[in-house]
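target_33.pdb (PDB, C-alpha atoms, pLDDT in the B column) appears below.
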```
ATOM      1  CA  MET A   1       2.886 -12.307   0.101  1.00 44.00           C
ATOM      2  CA  LYS A   2       0.592 -15.253   0.656  1.00 47.00           C
ATOM      3  CA  ILE A   3      -3.069 -14.727  -0.127  1.00 44.00           C
ATOM      4  CA  HIS A   4      -4.149 -15.708   3.391  1.00 42.00           C
ATOM      5  CA  GLU A   5      -1.902 -12.964   4.827  1.00 45.00           C
ATOM      6  CA  ALA A   6      -3.975 -10.162   3.358  1.00 45.00           C
ATOM      7  CA  LEU A   7      -6.910  -8.779   5.279  1.00 46.00           C
ATOM      8  CA  THR A   8      -8.817  -7.280   2.383  1.00 49.00           C
ATOM      9  CA  GLU A   9      -7.955  -5.349  -0.712  1.00 51.00           C
ATOM     10  CA  ASP A  10      -9.339  -1.869  -0.388  1.00 56.00           C
ATOM     11  CA  PRO A  11     -10.126  -0.425  -3.816  1.00 60.00           C
ATOM     12  CA  VAL A  12      -9.263   3.243  -4.017  1.00 64.00           C
ATOM     13  CA  MET A  13     -10.282   6.127  -6.236  1.00 65.00           C
ATOM     14  CA  SER A  14      -7.030   6.850  -8.017  1.00 70.00           C
ATOM     15  CA  SER A  15      -5.872   7.113 -11.604  1.00 76.00           C
ATOM     16  CA  TRP A  16      -2.641   5.340 -10.647  1.00 84.00           C
ATOM     17  CA  ILE A  17      -3.355   2.988  -7.692  1.00 89.00           C
ATOM     18  CA  ASN A  18      -5.988   0.226  -7.820  1.00 89.00           C
ATOM     19  CA  ASP A  19      -5.891  -0.965  -4.216  1.00 90.00           C
ATOM     20  CA  ILE A  20      -4.051  -0.602  -0.937  1.00 92.00           C
ATOM     21  CA  THR A  21      -4.113  -3.481   1.560  1.00 94.00           C
ATOM     22  CA  LEU A  22      -2.987  -3.518   5.194  1.00 95.00           C
ATOM     23  CA  GLN A  23      -1.519  -6.933   6.000  1.00 95.00           C
ATOM     24  CA  ARG A  24      -2.434  -9.000   9.060  1.00 94.00           C
ATOM     25  CA  ASN A  25       0.795  -8.009  10.782  1.00 95.00           C
ATOM     26  CA  LYS A  26      -0.643  -4.441  10.870  1.00 95.00           C
ATOM     27  CA  LYS A  27       2.745  -3.126   9.704  1.00 97.00           C
ATOM     28  CA  ASP A  28       3.063  -3.819   5.992  1.00 97.00           C
ATOM     29  CA  VAL A  29       0.902  -2.609   3.114  1.00 97.00           C
ATOM     30  CA  THR A  30       0.491  -4.072  -0.359  1.00 95.00           C
ATOM     31  CA  MET A  31      -0.240  -1.631  -3.160  1.00 94.00           C
ATOM     32  CA  THR A  32      -1.460  -2.655  -6.630  1.00 93.00           C
ATOM     33  CA  LEU A  33      -1.070  -0.207  -9.486  1.00 92.00           C
ATOM     34  CA  GLY A  34      -3.394   0.104 -12.462  1.00 89.00           C
ATOM     35  CA  ASN A  35      -0.940  -1.837 -14.637  1.00 92.00           C
ATOM     36  CA  GLY A  36      -1.027  -4.816 -12.231  1.00 92.00           C
ATOM     37  CA  THR A  37       2.362  -4.198 -10.644  1.00 95.00           C
ATOM     38  CA  ARG A  38       2.328  -4.911  -6.906  1.00 96.00           C
ATOM     39  CA  TYR A  39       4.529  -3.518  -4.172  1.00 96.00           C
ATOM     40  CA  VAL A  40       4.950  -4.162  -0.465  1.00 97.00           C
ATOM     41  CA  VAL A  41       5.644  -1.155   1.751  1.00 97.00           C
ATOM     42  CA  ASN A  42       7.339  -2.381   4.921  1.00 97.00           C
ATOM     43  CA  ASN A  43       6.602  -1.075   8.418  1.00 97.00           C
ATOM     44  CA  ILE A  44       4.174   1.650   7.375  1.00 96.00           C
ATOM     45  CA  GLY A  45       1.810   0.849  10.272  1.00 95.00           C
ATOM     46  CA  GLU A  46      -1.901   1.438  10.815  1.00 96.00           C
ATOM     47  CA  PRO A  47      -1.789   5.224  11.383  1.00 96.00           C
ATOM     48  CA  ASN A  48       0.023   5.857   8.085  1.00 96.00           C
ATOM     49  CA  PHE A  49      -2.226   3.363   6.284  1.00 96.00           C
ATOM     50  CA  ALA A  50      -5.323   5.159   7.605  1.00 95.00           C
ATOM     51  CA  ALA A  51      -3.936   8.558   6.576  1.00 96.00           C
ATOM     52  CA  TRP A  52      -3.152   7.190   3.104  1.00 94.00           C
ATOM     53  CA  MET A  53      -6.664   5.779   2.729  1.00 92.00           C
ATOM     54  CA  GLN A  54      -8.170   9.125   3.798  1.00 93.00           C
ATOM     55  CA  ALA A  55      -5.938  11.219   1.538  1.00 92.00           C
ATOM     56  CA  GLN A  56      -7.697  13.059  -1.278  1.00 91.00           C
ATOM     57  CA  SER A  57      -4.932  11.956  -3.683  1.00 92.00           C
ATOM     58  CA  LYS A  58      -3.438   8.520  -3.026  1.00 92.00           C
ATOM     59  CA  GLY A  59      -0.625   9.174  -5.516  1.00 91.00           C
ATOM     60  CA  GLN A  60       0.281  12.509  -3.974  1.00 93.00           C
ATOM     61  CA  PHE A  61       0.314  10.908  -0.513  1.00 95.00           C
ATOM     62  CA  TRP A  62       2.630   8.193  -1.897  1.00 94.00           C
ATOM     63  CA  HIS A  63       5.086  10.745  -3.280  1.00 94.00           C
ATOM     64  CA  SER A  64       4.946  13.062  -0.247  1.00 96.00           C
ATOM     65  CA  ASN A  65       4.866  10.586   2.646  1.00 96.00           C
ATOM     66  CA  ILE A  66       5.905   7.087   1.587  1.00 96.00           C
ATOM     67  CA  ARG A  67       8.334   7.053  -1.330  1.00 94.00           C
ATOM     68  CA  GLY A  68      11.869   7.514  -0.021  1.00 95.00           C
ATOM     69  CA  THR A  69      10.737   7.126   3.595  1.00 96.00           C
ATOM     70  CA  PHE A  70       9.723   3.451   3.794  1.00 97.00           C
ATOM     71  CA  LYS A  71      11.301   0.330   2.307  1.00 97.00           C
ATOM     72  CA  VAL A  72       9.343  -0.620  -0.837  1.00 96.00           C
ATOM     73  CA  ARG A  73       9.710  -3.950  -2.620  1.00 96.00           C
ATOM     74  CA  LYS A  74       8.227  -4.925  -5.995  1.00 96.00           C
ATOM     75  CA  ILE A  75       6.521  -8.326  -5.803  1.00 94.00           C
ATOM     76  CA  MET A  76       4.905  -8.630  -9.272  1.00 75.00           C
TER      77      MET A  76
END
```
Could you take the file, read its structure, and then write that structure out as structure tokens?
Amino acid sequence: MKIHEALTEDPVMSSWINDITLQRNKKDVTMTLGNGTRYVVNNIGEPNFAAWMQAQSKGQFWHSNIRGTFKVRKIM
């Protein structure tokens, strides 16, 4: 990911996830964990991003709705 491709990093209240960022293409999301590891979730789209941001538990949403459903790639 190039820095200029990111819209904004949205800090989240989570013990596991630091921020979740919807990319300019409105399809992909970058997620940064508390340990600094970053992942790109491909083709998640705006509706799923919005639901993730509104979820009470970001980690639970990840495990229930994203992991195993969308292509995830570690970038750092």
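If you apply the PyMOL selection byres ((chain A and resi 60-63) around 12) to this structure, you end up with Ser14, Ser15, Trp16, Ile17, Ile20, Met31, Leu33, Val41, Ile44, Asn48, Phe49, Ala50, Ala51, Trp52, Met53, Gln54, Ala55, Gln56, Ser57, Lys58, Gly59, Ser64, Asn65, Ile66, Arg67, Gly68, Thr69, Phe70 and Val72 of chain A.
In this model, the gap between atom CA of A:Asp19 and atom CA of A:Gly34 comes to 8.7 Å.
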Exercise for the section: Check what the PyMOL selection byres ((chain A and resi 30) around 10) selects in the file above and give those residues as a PyMOL selection string. Expected result: chain A and resi 1+6+9+19-23+28-29+31-32+38-42+72-75
Step by step, gather every atom of stretch 48-58 of chain A that the file lists, find the box along x, y and z that holds them, add 5 Å on each side, and finally give centre and edge lengths in Å to one decimal, as JSON.
```
{"center_x": -4.1, "center_y": 8.2, "center_z": 2.2, "size_x": 18.2, "size_y": 19.7, "size_z": 21.8}
```
